[in-house]
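Written out below as structure tokens is the structure these notes cover.
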Amino acid sequence: MQEPDLILWCEETWPVFASAYLRPMLLQKIKHLASQYKNEFIGIRQHLHAHPELSYKEFETSQYVQQKLRDYKIPFEVKAATGVVGLIEGKNPSSRIVALRADMDALPINEENDVPYKSTKTGIMHACGHDVHTTCLLGAAKILSETKAEWEGTVKLIFQPGEEKNPGGASLLINEGVLQNPAPQCIFGLHVNPQLEVGKLSFRGGKVMASADELYITVRSKGGHAAAPHLTADTILVASHLVVGLQQVISRNRDPFTPSVLTVSSFQGGYTTNVIPSEVKLMGTFRAMDEGWRFKAHGIIKKLAKELVESMGAEADVHIDVGYPTVYNNEALNDYAKSLAADFMGKEKVEETEVRMGAEDFGYYSQKIPGCFFRLGTANKAKGLTSGVHTPTFNIDEDAIEIGMGMMAVFGSSANFFSSQATA
């Protein structure tokens, strides 16, 4: 074999060789380390769960994460006030750059679980599993740091604030350059799933979660006596017609094969029995799986609200707070991730994620670079751990910690072997 042929052979066959021979060895080492560190990181999760912080106020959590990265000798920088971005360089750091993301904020919910690590802050709770996400990424960080001589490329660790509240911490970090210097070629994120049994993971390519926009509409008139409705515009009646009329946005304007939801969730007006109020305030949410339809619908909502209200003698102020975009999983990257998960967990442990009309600001990342947002099973029916997210009794089977941190470490290290099609 001539020297040029030997070079070509190495370039063309090395990824196959690496995948076939080196990856299983690395996966086994990661699995061993995740098992070895399981109890340590369950303790970290319980600490985070007991000390939740609301969106954009994750100051203690940020300091805790920073200290852990110092302990692991991982360099980092702080972005968007409480966000923490770390870098782990393996061999040939510029060859492949992969981002791993976890959110850190909690919800304004009073915890009802009777556990030793119950929230110590009245009215604040990790009811969406962000304590789990942060723990899994810290665990992956420790494993990746200890194995960095055995994989190629760079892993960017993104500990993100404010997933639960507009404009979304992801958008703030992107504006501050989190997807630059170095620029990740793809990004992975996980989310707890209390409907999926512990020990399982789920994936889905394409559109997996909806966009989410907030609706704020105020109906106004001069108000008046309830016994003389003919002397004013009845804002209660007008707003009631508007609530019904807004459903036409979905039923008569949307492609029936495009999922979308419009819900008016708050109707505030009036304070006594004999007064027609001068204003009624409506609040709601609009969800869509198609970005084109999403913004077309905004125009329809504004036009319908103003014209319907004015036709009944009142005035309308309409504000649409544009929120998170759809979460789109790159199909090639998702397929690759599923194959890695099957290798790591066993094929029978990997399922398909259902489409959800819920929203996640991971969509900001996946609209910019190839992303894979997957689900971590945390339920255990035998232990009664089935409460949904955003409820005061949400909790997890903590065996999920070992799986989540191991899987994130696998993606951080082994994603250096995926073909260039995943970044196309």
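We name chains A, B, ... following the order of the structure tokens; residues begin at 1 in each chain, and ligands are numbered from 1 as shown.
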
| message | Need to verify the contact set: Asp131 in chain A, 6 Å, only C-alpha atoms, exclusion of same-chain residues closer than 5 positions in sequence. Can you return it as a ChimeraX atom specification? | response | /A:45,48-49

Listing only residues of range 55-161 of chain A within 9 Å of range 170-189 of chain A, what is the closest atom pair and its distance in Å (to one decimal) for each, using only C-alpha atoms, sorted by chain and residue number ascending, as CSV?
```
residue,atom,partner,partner_atom,distance
A:Lys79,CA,A:Leu173,CA,6.5
A:Ala80,CA,A:Leu173,CA,6.0
A:Gly83,CA,A:Leu173,CA,7.5
A:Val85,CA,A:Val178,CA,7.7
A:Ser94,CA,A:Pro182,CA,8.4
A:Arg96,CA,A:Gln185,CA,7.2
A:Ile97,CA,A:Pro184,CA,4.7
A:Val98,CA,A:Pro184,CA,5.1
A:Ala99,CA,A:Ile187,CA,4.5
A:Leu100,CA,A:Phe188,CA,5.0
A:Arg101,CA,A:Gly189,CA,5.1
A:Ala102,CA,A:Gly189,CA,6.4
A:Asp103,CA,A:Ala170,CA,9.0
A:His133,CA,A:Gly189,CA,8.5
A:Thr154,CA,A:Pro184,CA,8.6
A:Val155,CA,A:Pro184,CA,8.2
A:Lys156,CA,A:Pro184,CA,7.4
A:Ile158,CA,A:Val178,CA,8.1
A:Gln160,CA,A:Ala170,CA,6.7
A:Pro161,CA,A:Ala170,CA,7.7
```

Taking a cut-off of 12 Å and counting only C-alpha atoms, can you build a table that, for each residue of range 258-321 of chain A near range 199-208 of chain A, reports the nearest atom pair and how far apart they are in Å (one decimal), sorted by chain then residue number, as a tab-separated table?
```
residue	atom	partner	partner_atom	distance
A:Thr258	CA	A:Lys207	CA	11.1
A:Pro259	CA	A:Lys207	CA	10.7
A:Ala288	CA	A:Lys207	CA	10.4
A:Met289	CA	A:Lys207	CA	6.9
A:Asp290	CA	A:Lys207	CA	8.5
A:Glu291	CA	A:Lys207	CA	10.7
```

| said: Run DSSP on the backbone and tell me which residues of range 198-343 of chain A come out as strand (DSSP E); list them as a ChimeraX atom specification. | reply: /A:201-203,206-209,211-220,224-225,260-269,275-276,279-288,315-324,327-329

| Among the residues A:His298, A:Gly377, A:Glu53, A:Glu152, the one that comes closest to Ile109 in chain A [using only C-alpha atoms] | A:Glu53

| request: From range 294-389 of chain A, collect each residue whose DSSP state is helix (DSSP H, G or I) and return the set as a count of residues only. | output: 44

Rows by chain and residue number, range 97-186 of chain A within 8 Å of range 386-389 of chain A, shortest pair, only C-alpha atoms, as a tab-separated table:
```
residue	atom	partner	partner_atom	distance
A:Ala127	CA	A:Val389	CA	5.6
A:Cys128	CA	A:Val389	CA	4.9
A:Gly129	CA	A:Val389	CA	7.4
```

Write the residues of the selection above to a file with N, CA, C and O atoms, as a compact mmCIF listing (two decimals), in the first residue's frame.
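See out-v4.txt below for the written result:
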```txt
# COMPACT_ATOMS: atom_id res chain seq x y z
N ALA A 127 -40.18 21.79 40.89
CA ALA A 127 -41.30 20.95 40.47
C ALA A 127 -41.24 20.56 39.01
O ALA A 127 -42.15 19.93 38.49
N CYS A 128 -40.17 20.95 38.33
CA CYS A 128 -40.02 20.58 36.92
C CYS A 128 -38.73 19.81 36.66
O CYS A 128 -38.34 19.59 35.52
N GLY A 129 -38.03 19.44 37.74
CA GLY A 129 -36.87 18.57 37.58
C GLY A 129 -35.58 19.25 37.19
O GLY A 129 -34.61 18.58 36.83
```

| note | CA of Met408 in chain A sits from CA of His32 in chain A at a separation of 14.1 Å

| note | Across A:Leu237, A:Ile401, A:Leu157, A:Val355, the smallest distance to Asn39 in chain A, with only C-alpha atoms counted, is shown by A:Ile401

| request: Considering only C-alpha atoms, state which residue in the set A:Asp317, A:Glu310, A:Glu402, A:Asp71 is at the smallest distance from Glu279 in chain A. | output: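 So, comparing all the options, the nearest one is A:Asp317.
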
| field | Met345 in chain A surroundings by only C-alpha atoms, 10 Å radius, close-in-sequence under 4 positions cut, as a PyMOL selection string | value | chain A and resi 27+31+199-201+339-341+349-350+403+406-407

Suppose we keep all heavy atoms; can you now write the selection as a short mmCIF file (atom, residue, chain, number, x, y, z; two decimals), in the first residue's frame?
```
data_model
loop_
_atom_site.label_atom_id
_atom_site.label_comp_id
_atom_site.auth_asym_id
_atom_site.auth_seq_id
_atom_site.Cartn_x
_atom_site.Cartn_y
_atom_site.Cartn_z
N LEU A 27 -17.84 3.60 26.52
CA LEU A 27 -19.17 3.51 27.10
C LEU A 27 -19.16 2.71 28.39
O LEU A 27 -19.83 3.07 29.36
CB LEU A 27 -20.16 2.87 26.11
CG LEU A 27 -20.46 3.63 24.81
CD1 LEU A 27 -21.63 2.97 24.09
CD2 LEU A 27 -20.77 5.09 25.07
N LYS A 31 -20.18 4.07 32.05
CA LYS A 31 -21.21 3.37 32.83
C LYS A 31 -20.68 3.03 34.22
O LYS A 31 -21.39 3.18 35.22
CB LYS A 31 -21.65 2.11 32.09
CG LYS A 31 -22.79 1.38 32.79
CD LYS A 31 -23.29 0.21 31.94
CE LYS A 31 -24.04 0.69 30.72
NZ LYS A 31 -24.73 -0.43 30.02
N GLY A 199 -35.19 4.07 34.19
CA GLY A 199 -34.45 3.06 33.44
C GLY A 199 -34.66 3.16 31.95
O GLY A 199 -34.00 2.47 31.17
N LYS A 200 -35.57 4.07 31.54
CA LYS A 200 -35.85 4.24 30.12
C LYS A 200 -35.53 5.66 29.67
O LYS A 200 -35.53 6.60 30.46
CB LYS A 200 -37.31 3.92 29.81
CG LYS A 200 -37.67 2.44 30.02
CD LYS A 200 -39.10 2.17 29.58
CE LYS A 200 -39.43 0.68 29.69
NZ LYS A 200 -40.80 0.39 29.20
N LEU A 201 -35.28 5.79 28.36
CA LEU A 201 -35.07 7.07 27.71
C LEU A 201 -35.97 7.14 26.50
O LEU A 201 -36.38 6.11 25.97
CB LEU A 201 -33.60 7.22 27.27
CG LEU A 201 -32.53 7.12 28.35
CD1 LEU A 201 -31.16 6.94 27.71
CD2 LEU A 201 -32.53 8.37 29.22
N SER A 339 -29.05 5.55 18.73
CA SER A 339 -28.16 4.39 18.60
C SER A 339 -27.17 4.34 19.77
O SER A 339 -26.86 3.26 20.29
CB SER A 339 -27.41 4.44 17.27
OG SER A 339 -26.46 5.49 17.23
N LEU A 340 -26.69 5.51 20.19
CA LEU A 340 -25.79 5.55 21.35
C LEU A 340 -26.53 5.11 22.61
O LEU A 340 -25.99 4.36 23.44
CB LEU A 340 -25.26 6.96 21.56
CG LEU A 340 -24.05 7.41 20.73
CD1 LEU A 340 -23.71 8.85 21.06
CD2 LEU A 340 -22.85 6.51 20.99
N ALA A 341 -27.77 5.58 22.77
CA ALA A 341 -28.55 5.21 23.94
C ALA A 341 -28.82 3.71 23.96
O ALA A 341 -28.79 3.07 25.02
CB ALA A 341 -29.87 5.98 23.95
N LYS A 349 -34.69 -0.38 26.20
CA LYS A 349 -34.85 0.72 27.14
C LYS A 349 -35.08 2.06 26.44
O LYS A 349 -35.25 3.09 27.10
CB LYS A 349 -33.62 0.84 28.04
CG LYS A 349 -33.31 -0.40 28.85
CD LYS A 349 -34.33 -0.63 29.94
CE LYS A 349 -33.91 -1.77 30.86
NZ LYS A 349 -34.91 -2.02 31.92
N VAL A 350 -35.07 2.06 25.12
CA VAL A 350 -35.17 3.31 24.36
C VAL A 350 -36.52 3.36 23.64
O VAL A 350 -36.86 2.46 22.87
CB VAL A 350 -34.02 3.43 23.33
CG1 VAL A 350 -34.14 4.73 22.54
CG2 VAL A 350 -32.67 3.36 24.04
N ILE A 403 -28.40 7.24 35.35
CA ILE A 403 -28.65 7.09 33.91
C ILE A 403 -28.46 8.42 33.19
O ILE A 403 -27.81 8.50 32.14
CB ILE A 403 -30.07 6.56 33.68
CG1 ILE A 403 -30.21 5.17 34.30
CG2 ILE A 403 -30.41 6.53 32.20
CD1 ILE A 403 -31.64 4.69 34.44
N GLY A 406 -24.77 9.58 33.09
CA GLY A 406 -24.02 8.70 32.21
C GLY A 406 -24.33 8.97 30.75
O GLY A 406 -23.43 9.04 29.91
N MET A 407 -25.62 9.16 30.45
CA MET A 407 -26.01 9.39 29.06
C MET A 407 -25.48 10.70 28.55
O MET A 407 -25.01 10.81 27.41
CB MET A 407 -27.53 9.35 28.96
CG MET A 407 -28.06 9.17 27.54
SD MET A 407 -27.82 7.50 26.89
CE MET A 407 -26.49 7.79 25.71
#
```

| Expressed in Å to a single decimal, how great is the separation between CA of Val280 in chain A and CA of Tyr324 in chain A? |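 Between CA of Val280 in chain A and CA of Tyr324 in chain A the gap is 26.9 Å.
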
| request: Find the spatial neighbours of Val327 in chain A, counting only C-alpha atoms, within a cut-off of 10 Å - ignore same-chain residues fewer than 2 positions away - and output them as a list of chain:residue names. | output: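 After dropping sequence-adjacent residues, the list is A:Gly206, A:Lys207, A:Val208, A:Met209, A:Ala210, A:Ser211, A:Met289, A:Tyr324, A:Pro325, A:Asn329, A:Asn330, A:Arg356, A:Gly358, A:Ala359, A:Glu360, A:Asp361, A:Phe362, A:Gly363, A:Tyr364, A:Tyr365, A:Ser366, A:Gln367, A:Gly371, A:Cys372, A:Phe373.
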
| Spatial neighbours of His126 in chain A, max dist 9 Å, only C-alpha atoms, sep filter under 5 positions, as a list in words |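 Counting only C-alpha atoms, the residues come to Leu48, His49, Ala50, His51, Pro52, Glu53, Asp105, Ala106, Leu107, Pro108, Ile109, Glu111, Ser119, Asp131, Val132, His390, Phe394 and Asn395 of chain A.
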
| query | Between A:Thr147, A:Arg294, A:Ala316, A:Glu307, which one has atoms that come closest to Ser221 in chain A, using only C-alpha atoms? | reply |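 Answer, going by the shortest atom-to-atom distance: A:Ala316.
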